[in-house]
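Text of final_18.cif, listed as mmCIF, C-alpha atoms and all ligand atoms:
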```cif
data_my_file
#
loop_
_atom_site.label_atom_id
_atom_site.label_comp_id
_atom_site.auth_asym_id
_atom_site.auth_seq_id
_atom_site.Cartn_x
_atom_site.Cartn_y
_atom_site.Cartn_z
CA MET A 1 -4.18 15.42 35.87
CA GLU A 2 -5.59 18.66 34.56
CA ASP A 3 -5.23 17.83 30.86
CA ILE A 4 -7.75 15.01 31.19
CA LEU A 5 -10.42 17.48 32.30
CA ASN A 6 -12.91 18.59 29.69
CA ALA A 7 -13.49 22.23 28.89
CA ASN A 8 -16.42 22.53 31.33
CA ALA A 9 -14.44 21.08 34.21
CA ARG A 10 -11.50 23.33 33.42
CA ALA A 11 -13.81 26.36 33.40
CA VAL A 12 -15.23 25.37 36.81
CA LEU A 13 -11.73 24.93 38.23
CA GLU A 14 -10.69 28.32 36.86
CA VAL A 15 -13.64 30.01 38.54
CA LEU A 16 -12.74 28.38 41.86
CA ARG A 17 -9.10 29.39 41.59
CA ALA A 18 -10.00 32.99 40.85
CA ASN A 19 -12.57 33.22 43.65
CA THR A 20 -11.05 33.09 47.12
CA ARG A 21 -14.41 33.46 48.87
CA HIS A 22 -15.25 29.76 48.52
CA PRO A 23 -18.32 30.06 46.33
CA THR A 24 -21.40 27.83 46.57
CA ALA A 25 -22.39 25.67 43.58
CA GLN A 26 -24.92 28.31 42.55
CA GLU A 27 -22.26 31.03 42.64
CA VAL A 28 -19.86 28.87 40.62
CA TYR A 29 -22.64 28.29 38.11
CA ASP A 30 -23.42 32.02 37.77
CA GLU A 31 -19.75 32.74 37.22
CA VAL A 32 -18.91 29.88 34.85
CA ARG A 33 -21.90 30.66 32.66
CA ARG A 34 -20.18 33.83 31.50
CA ALA A 35 -17.48 31.77 29.85
CA ARG A 36 -19.64 28.77 28.96
CA PRO A 37 -23.23 29.95 28.47
CA HIS A 38 -24.61 26.46 27.68
CA ILE A 39 -23.50 24.78 30.88
CA GLY A 40 -26.30 23.59 33.22
CA LEU A 41 -26.46 23.72 37.00
CA ALA A 42 -26.64 19.90 37.19
CA THR A 43 -23.42 19.68 35.18
CA VAL A 44 -21.72 22.11 37.53
CA TYR A 45 -22.80 19.97 40.52
CA ARG A 46 -21.48 16.83 38.82
CA ILE A 47 -18.15 18.47 37.96
CA LEU A 48 -17.74 19.79 41.51
CA ARG A 49 -18.38 16.30 42.87
CA GLN A 50 -15.85 14.78 40.48
CA LEU A 51 -13.20 17.39 41.24
CA ALA A 52 -13.70 16.74 44.96
CA GLU A 53 -13.44 12.97 44.45
CA GLN A 54 -10.18 13.50 42.59
CA LYS A 55 -9.05 15.70 45.50
CA MET A 56 -8.49 18.65 43.20
CA ILE A 57 -10.82 20.80 45.30
CA LYS A 58 -12.14 20.72 48.86
CA VAL A 59 -15.76 20.90 49.94
CA TRP A 60 -16.84 22.62 53.14
CA GLY A 61 -20.28 21.77 54.54
CA TYR A 62 -20.49 18.64 52.45
CA GLY A 63 -23.86 17.50 51.14
CA SER A 64 -25.74 20.65 52.04
CA GLU A 65 -27.20 23.23 49.72
CA SER A 66 -24.85 25.82 51.21
CA ALA A 67 -21.72 23.69 50.65
CA ARG A 68 -18.75 25.83 49.62
CA TYR A 69 -15.94 24.88 47.30
CA ASP A 70 -12.26 25.56 47.75
CA ALA A 71 -9.54 25.24 45.11
CA CYS A 72 -6.87 25.43 47.80
CA THR A 73 -6.26 21.81 48.83
CA HIS A 74 -3.29 22.17 51.16
CA ARG A 75 -3.98 22.53 54.89
CA HIS A 76 -5.21 25.99 55.78
CA ASP A 77 -7.58 27.56 58.25
CA HIS A 78 -10.76 29.53 57.72
CA ALA A 79 -12.60 32.48 59.14
CA CYS A 80 -16.36 32.39 58.80
CA CYS A 81 -18.62 35.45 58.81
CA THR A 82 -21.58 34.81 61.09
CA GLU A 83 -23.62 37.44 59.26
CA CYS A 84 -23.25 36.76 55.52
CA GLY A 85 -21.70 33.29 55.67
CA ALA A 86 -18.53 34.28 53.80
CA LEU A 87 -15.73 31.74 54.24
CA LEU A 88 -12.27 33.29 54.11
CA ASP A 89 -8.84 31.70 54.03
CA VAL A 90 -6.66 32.64 56.98
CA PRO A 91 -3.46 33.90 55.31
CA VAL A 92 -1.23 33.16 58.29
CA GLU A 93 -0.38 29.85 59.88
CA VAL A 94 -2.22 29.09 63.11
CA VAL A 95 0.16 26.95 65.11
CA LEU A 96 -1.16 24.31 67.48
CA SER A 97 1.05 21.65 68.94
CA HIS A 98 0.58 18.14 67.68
CA ALA A 99 0.28 16.94 71.30
CA GLU A 100 -2.63 19.30 72.01
CA LEU A 101 -4.42 18.24 68.85
CA GLU A 102 -3.88 14.57 69.64
CA LYS A 103 -5.28 15.10 73.13
CA ALA A 104 -8.37 16.81 71.73
CA ALA A 105 -8.87 14.11 69.12
CA ARG A 106 -8.45 11.31 71.66
CA ALA A 107 -10.99 12.93 73.97
CA THR A 108 -13.59 12.53 71.24
CA GLY A 109 -12.45 9.07 70.23
CA ILE A 110 -11.44 10.31 66.82
CA GLU A 111 -8.35 9.02 65.13
CA MET A 112 -7.02 12.32 63.81
CA GLY A 113 -6.61 12.61 60.06
CA SER A 114 -6.43 16.35 59.64
CA HIS A 115 -7.46 19.42 61.55
CA GLU A 116 -8.71 22.91 60.95
CA VAL A 117 -9.02 26.03 63.06
CA ARG A 118 -12.09 28.11 62.43
CA ILE A 119 -12.57 31.71 63.48
CA TYR A 120 -16.08 33.16 63.66
CA GLY A 121 -17.09 36.79 63.54
CA ARG A 122 -18.08 39.56 61.16
CA CYS A 123 -16.22 40.07 57.87
CA GLN A 124 -14.94 43.45 56.69
CA ASP A 125 -17.93 43.96 54.37
CA CYS A 126 -20.42 43.34 57.16
CA GLN A 127 -18.47 45.57 59.57
CA ALA A 128 -18.52 48.36 56.99
CA LYS A 129 -22.26 47.86 56.40
CA SER A 130 -23.14 48.12 60.08
CA LYS A 131 -20.93 51.20 60.45
CA LYS A 132 -22.78 52.84 57.57
CA ALA A 133 -26.15 51.87 59.07
CA ARG A 134 -25.16 53.51 62.34
CA LEU A 135 -24.23 56.75 60.59
CA THR A 136 -27.49 57.12 58.69
ZN ZN A 201 -19.97 39.11 56.24
ZN ZN A 202 -10.03 27.76 51.97
#
```

Exercise: express the given structure as structure tokens:
Amino acid sequence: MEDILNANARAVLEVLRANTRHPTAQEVYDEVRRARPHIGLATVYRILRQLAEQKMIKVWGYGSESARYDACTHRHDHACCTECGALLDVPVEVVLSHAELEKAARATGIEMGSHEVRIYGRCQDCQAKSKKARLT
């Protein structure tokens, strides 16, 4: 699959694989421009859309300006910082029984395809910042 990608698409994918903070399109653009200075933001958007269509990446917050892109396509959970918006992969498996999930899905009338657990709070950077602010 990957060998059919052009150099721009490969560069975008590399940026996503190296960045575990789920960058926005703008952040991907800023990063990829270092390797490919002539790439445009519109091209980056188009590549991200194509990679998502080919299921090579995942998109969180689809269709919004603040959508974030994830090179990790297997099922995993996320923790979201309510202060800076950082989206982090949860490195441990959060286990929920299939029966519980089915019950929750049925209650909403949704035929369950996949699921995700999301944890909200303040990330380490933001915790450190507020600690510093308290000291000064
Ligand atoms: Zn944060
Ligand atoms: Zn992720």

Open item on the list: Calculated over only C-alpha atoms, which of the candidates A:Ala25, A:Val92, A:Leu51, A:Ala42 has the smallest distance to Glu65 of chain A?
Closed with: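 Using only C-alpha atoms, Glu65 of chain A sits closest to A:Ala25.
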
- [ ] Can you tell me which residues come within 6 Å of ligand ZN 201 (chain A) when counting all atoms listed in the file, ideally as an NGL selection string?
- [x] :A and (81 or 83-84 or 86 or 122-123 or 125-126)

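Minimum atom-to-atom distance to Leu41 of chain A, evaluated using all atoms listed in the file, belongs to A:Val12 out of A:Ala67, A:Ala128, A:Val12, A:His22.
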
Give me the residues of chain A that have any atom at most 9 Å from an atom of ligand ZN 202 (chain A); for each, the nearest atom pair and the distance in Å, rounded to one decimal. Use all atoms listed in the file, sort by chain and number, and format it as a tab-separated table.
```
residue	atom	partner	partner_atom	distance
A:Thr20	CA	A:ZN202	ZN	7.3
A:Arg21	CA	A:ZN202	ZN	7.8
A:His22	CA	A:ZN202	ZN	6.6
A:Lys58	CA	A:ZN202	ZN	8.0
A:Trp60	CA	A:ZN202	ZN	8.6
A:Tyr69	CA	A:ZN202	ZN	8.1
A:Asp70	CA	A:ZN202	ZN	5.3
A:Ala71	CA	A:ZN202	ZN	7.3
A:Cys72	CA	A:ZN202	ZN	5.7
A:Thr73	CA	A:ZN202	ZN	7.7
A:His74	CA	A:ZN202	ZN	8.8
A:Arg75	CA	A:ZN202	ZN	8.5
A:His76	CA	A:ZN202	ZN	6.4
A:Asp77	CA	A:ZN202	ZN	6.7
A:His78	CA	A:ZN202	ZN	6.1
A:Ala79	CA	A:ZN202	ZN	9.0
A:Leu87	CA	A:ZN202	ZN	7.3
A:Leu88	CA	A:ZN202	ZN	6.3
A:Asp89	CA	A:ZN202	ZN	4.6
A:Val90	CA	A:ZN202	ZN	7.8
```

Task: Distance of atom CA of Ser97 of chain A from atom CA of Ile110 of chain A, expressed in Å to one decimal place - done: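 Taking atom CA of Ile110 of chain A as the start and atom CA of Ser97 of chain A as the end point, the length is 17.0 Å.
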
- [ ] Please work out which residues fall within 9 Å of (-8.4, 28.0, 65.0), coordinates as given in the file, with all atoms listed in the file counting, and return them as a list in words.
- [x] Asp77, His78, Ala79, Val94, Val95, Leu96, Glu116, Val117, Arg118 and Ile119 of chain A

Task: Residue among A:Arg33, A:Val15, A:Ser130, A:Ala9 lying closest to Arg49 of chain A, counting only C-alpha atoms - done: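 Closest to Arg49 of chain A, using only C-alpha atoms: A:Ala9.
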
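Nearest residue to Gly121 of chain A, choosing from A:Ile47, A:Ala107, A:Cys80, A:Leu13 and counting only C-alpha atoms: A:Cys80.
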
As JSON, please report the centre and edge lengths, rounded to one decimal in Å, of the axis-aligned box that holds all listed atoms of segment 89-100 of chain A with 4 Å of padding on each of the six sides.
```
{"center_x": -3.9, "center_y": 25.4, "center_z": 63.0, "size_x": 17.9, "size_y": 25.0, "size_z": 26.0}
```

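Taking atom CA of Tyr29 of chain A as the reference point, atom CA of Tyr45 of chain A is found at 8.7 Å.
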
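Taking atom CA of Asn19 of chain A and atom CA of Ala52 of chain A as the two end points, the separation is 16.6 Å.
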
- [ ] Kindly indicate which residue among A:Ser114, A:Leu48, A:Asp30, A:Ala35 lies nearest to Ala7 of chain A, using only C-alpha atoms for the distances.
- [x] A:Ala35

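Of the listed residues A:Gln127, A:Thr82, A:Val59, A:His98, the one whose atoms come nearest to Gly113 of chain A is A:His98, with distances taken using all atoms listed in the file.
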